[in-house]
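Chemist: Supplied structure: work-v7.cif, mmCIF, C-alpha atoms (C1' of nucleotides).
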```cif
data_final
#
loop_
_atom_site.label_atom_id
_atom_site.label_comp_id
_atom_site.auth_asym_id
_atom_site.auth_seq_id
_atom_site.Cartn_x
_atom_site.Cartn_y
_atom_site.Cartn_z
CA MET U 1 5.56 1.44 -2.08
CA THR U 2 3.35 3.99 -3.79
CA SER U 3 4.11 7.69 -3.76
CA PHE U 4 1.00 8.42 -1.79
CA GLN U 5 2.03 6.08 0.99
CA GLU U 6 5.43 7.72 1.05
CA GLU U 7 3.92 11.15 1.50
CA VAL U 8 1.52 9.99 4.18
CA TYR U 9 4.26 8.34 6.17
CA LYS U 10 6.41 11.40 5.81
CA VAL U 11 3.67 13.59 7.22
CA VAL U 12 2.63 11.29 10.07
CA ARG U 13 6.22 10.86 11.15
CA LYS U 14 6.44 14.61 11.65
CA ILE U 15 3.59 14.79 14.14
CA PRO U 16 5.19 15.74 17.45
CA LYS U 17 4.42 13.88 20.64
CA GLY U 18 1.31 15.10 22.36
CA ARG U 19 -0.13 16.59 19.18
CA ILE U 20 -2.88 15.17 17.01
CA MET U 21 -3.95 15.55 13.41
CA SER U 22 -7.11 14.63 11.56
CA TYR U 23 -7.11 12.22 8.62
CA LYS U 24 -8.20 15.06 6.44
CA SER U 25 -5.41 17.40 7.48
CA VAL U 26 -2.90 14.62 6.91
CA ALA U 27 -4.20 14.13 3.41
CA LYS U 28 -3.99 17.83 2.76
CA LYS U 29 -0.47 18.05 4.09
CA ALA U 30 0.43 15.04 1.97
CA GLY U 31 -0.53 16.99 -1.12
CA ARG U 32 -3.86 15.32 -1.87
CA PRO U 33 -6.52 17.34 -0.06
CA LEU U 34 -9.32 15.03 -1.21
CA SER U 35 -7.76 11.69 -0.39
CA TRP U 36 -8.54 11.56 3.31
CA ARG U 37 -10.52 8.37 2.83
CA ALA U 38 -7.53 6.57 1.43
CA VAL U 39 -5.38 7.82 4.29
CA GLY U 40 -7.43 5.74 6.68
CA ASN U 41 -6.95 2.78 4.42
CA ILE U 42 -3.21 3.17 4.35
CA LEU U 43 -2.86 3.73 8.08
CA ASN U 44 -5.02 0.68 8.59
CA ARG U 45 -2.75 -1.77 6.88
CA HIS U 46 0.56 -0.02 7.15
CA GLN U 47 3.45 -2.00 8.52
CA GLU U 48 5.94 0.75 9.01
CA PRO U 49 7.67 0.34 12.37
CA GLY U 50 7.63 3.27 14.75
CA LEU U 51 5.05 5.21 12.84
CA PRO U 52 2.97 7.26 15.30
CA CYS U 53 -0.27 6.55 13.52
CA HIS U 54 -2.16 6.77 16.82
CA ARG U 55 -1.86 10.56 16.63
CA VAL U 56 -4.26 10.63 13.70
CA ILE U 57 -7.90 10.91 14.69
CA ARG U 58 -11.22 11.92 13.17
CA SER U 59 -11.90 15.50 12.27
CA ASN U 60 -15.01 15.58 14.43
CA GLY U 61 -12.90 14.97 17.52
CA LYS U 62 -13.61 11.27 17.94
CA ILE U 63 -10.79 8.82 18.31
CA GLY U 64 -11.39 6.80 15.19
CA GLY U 65 -10.05 3.31 14.70
CA TYR U 66 -6.91 1.39 15.31
CA ARG U 67 -5.72 -1.90 13.84
CA ARG U 68 -4.59 -3.32 17.18
CA GLY U 69 -7.67 -2.13 19.07
CA VAL U 70 -9.00 1.31 19.87
CA ARG U 71 -8.23 0.66 23.53
CA LYS U 72 -4.55 0.73 22.69
CA LYS U 73 -4.87 3.94 20.76
CA THR U 74 -6.57 5.89 23.51
CA LEU U 75 -4.06 4.51 25.99
CA LEU U 76 -1.13 5.73 23.91
CA LEU U 77 -2.69 9.14 23.46
CA LYS U 78 -3.36 9.48 27.15
CA LYS U 79 0.21 8.53 27.83
CA GLU U 80 1.24 11.48 25.69
CA GLY U 81 -0.81 13.86 27.77
CA ILE U 82 -3.95 14.06 25.67
CA ILE U 83 -7.13 14.09 27.68
CA ILE U 84 -9.76 11.75 26.33
CA LYS U 85 -13.30 11.55 27.55
CA ASN U 86 -15.99 9.32 26.18
CA ASP U 87 -14.04 8.39 23.02
CA ARG U 88 -13.47 12.07 22.38
CA VAL U 89 -10.56 14.45 22.80
CA CYS U 90 -10.94 17.45 25.05
CA SER U 91 -10.29 20.86 23.62
"C1'" DC K 1 -9.69 -4.02 -16.84
"C1'" DT K 2 -13.96 -3.50 -13.11
"C1'" DA K 3 -15.89 -3.87 -8.40
"C1'" DA K 4 -15.55 -3.76 -3.60
"C1'" DT K 5 -13.46 -2.05 0.65
"C1'" DG K 6 -12.38 1.03 4.52
"C1'" DA K 7 -8.73 3.48 11.23
"C1'" DC K 8 -13.41 9.01 6.87
"C1'" DC K 9 -16.16 13.58 6.14
"C1'" DA K 10 -20.02 16.88 5.84
"C1'" DT K 11 -24.69 17.35 5.54
"C1'" DT K 12 -29.25 16.37 6.72
"C1'" DA K 13 -33.25 14.45 9.53
"C1'" DA H 1 -27.62 15.97 21.08
"C1'" DT H 2 -27.49 11.31 17.79
"C1'" DA H 3 -28.42 8.56 13.31
"C1'" DA H 4 -28.66 8.00 8.60
"C1'" DT H 5 -27.00 9.21 4.00
"C1'" DG H 6 -24.22 10.23 0.03
"C1'" DG H 7 -19.71 11.05 -1.47
"C1'" DC H 8 -14.81 10.41 -1.49
"C1'" DC H 9 -10.13 8.12 -3.30
"C1'" DA H 10 -6.07 4.86 -3.12
"C1'" DT H 11 -5.65 0.13 -2.65
"C1'" DT H 12 -6.93 -4.61 -3.21
"C1'" DA H 13 -9.43 -8.68 -5.04
#
```
As a first step, turn the structure in this file into structure tokens.
Modeler:
Amino acid sequence: MTSFQEEVYKVVRKIPKGRIMSYKSVAKKAGRPLSWRAVGNILNRHQEPGLPCHRVIRSNGKIGGYRRGVRKKTLLLKKEGIIIKNDRVCS
DNA sequence: CTAATGACCATTA
DNA sequence: ATAATGGCCATTA
């Protein structure tokens, strides 16, 4: 476990249901404003159970990726009340 | 140690 | 509006 992973998990865990956060904002909140690229890396191969990593999307509004399939991610988000249209969240 | 790899980002064409 | 490009940083090989 590296310290960066710890911080990222800590931040992602705090995202309330129905809310979303960009990879960049997560990095910033984790204390490393320039490490947003690595955040994607960590969320990609994380194995932490119950981590709501599906609430982290791109900063441009697109859904982004998901280890177990983007389908699953959009489904989960929809289930939490987030409207998604054409791989994009509605504002 | 160095080099490659991404669930990315902002800018430019 | 989309597509290509350069940069970014922790992790992994």
Chemist: Just to confirm, what's the straight-line distance from atom C1' of K:DA3 to atom CA of U:Gly31 in Å (one decimal)?
Modeler: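 We find that atom C1' of K:DA3 and atom CA of U:Gly31 lie 26.9 Å from each other.
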Chemist: Within 9 Å of chain H, which residues belong to chain U? Use all atoms listed in the file and report them as a PDB file with C-alpha atoms, keeping the file's coordinate frame.
Modeler:
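Output contents, as saved in selection.pdb:
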```
ATOM      1  CA  PHE U   4       1.000   8.420  -1.790  1.00  0.00           C
ATOM      2  CA  LEU U  34      -9.320  15.030  -1.210  1.00  0.00           C
ATOM      3  CA  SER U  35      -7.760  11.690  -0.390  1.00  0.00           C
ATOM      4  CA  TRP U  36      -8.540  11.560   3.310  1.00  0.00           C
ATOM      5  CA  ARG U  37     -10.520   8.370   2.830  1.00  0.00           C
ATOM      6  CA  ALA U  38      -7.530   6.570   1.430  1.00  0.00           C
ATOM      7  CA  VAL U  39      -5.380   7.820   4.290  1.00  0.00           C
ATOM      8  CA  ASN U  41      -6.950   2.780   4.420  1.00  0.00           C
ATOM      9  CA  ILE U  42      -3.210   3.170   4.350  1.00  0.00           C
TER      10      ILE U  42
END
```
Chemist: Provide as a ChimeraX atom specification the residues of chain K at most 9 Å from chain U, counting only C-alpha atoms (C1' of nucleotides).
Modeler: /K:5-9
Chemist: Mind pulling up the distance from atom CA of U:Pro49 to atom CA of U:Lys79?
Modeler: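 Going from atom CA of U:Lys79 over to atom CA of U:Pro49, I get 19.0 Å.
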Chemist: Evaluating the PyMOL selection byres ((chain U and resi 85-87) around 8) on the displayed file yields which residues, as a list in words?
Modeler: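 For this structure, the PyMOL selection byres ((chain U and resi 85-87) around 8) resolves to Lys62, Ile63, Thr74, Ile83, Ile84, Arg88, Val89 and Cys90 of chain U.
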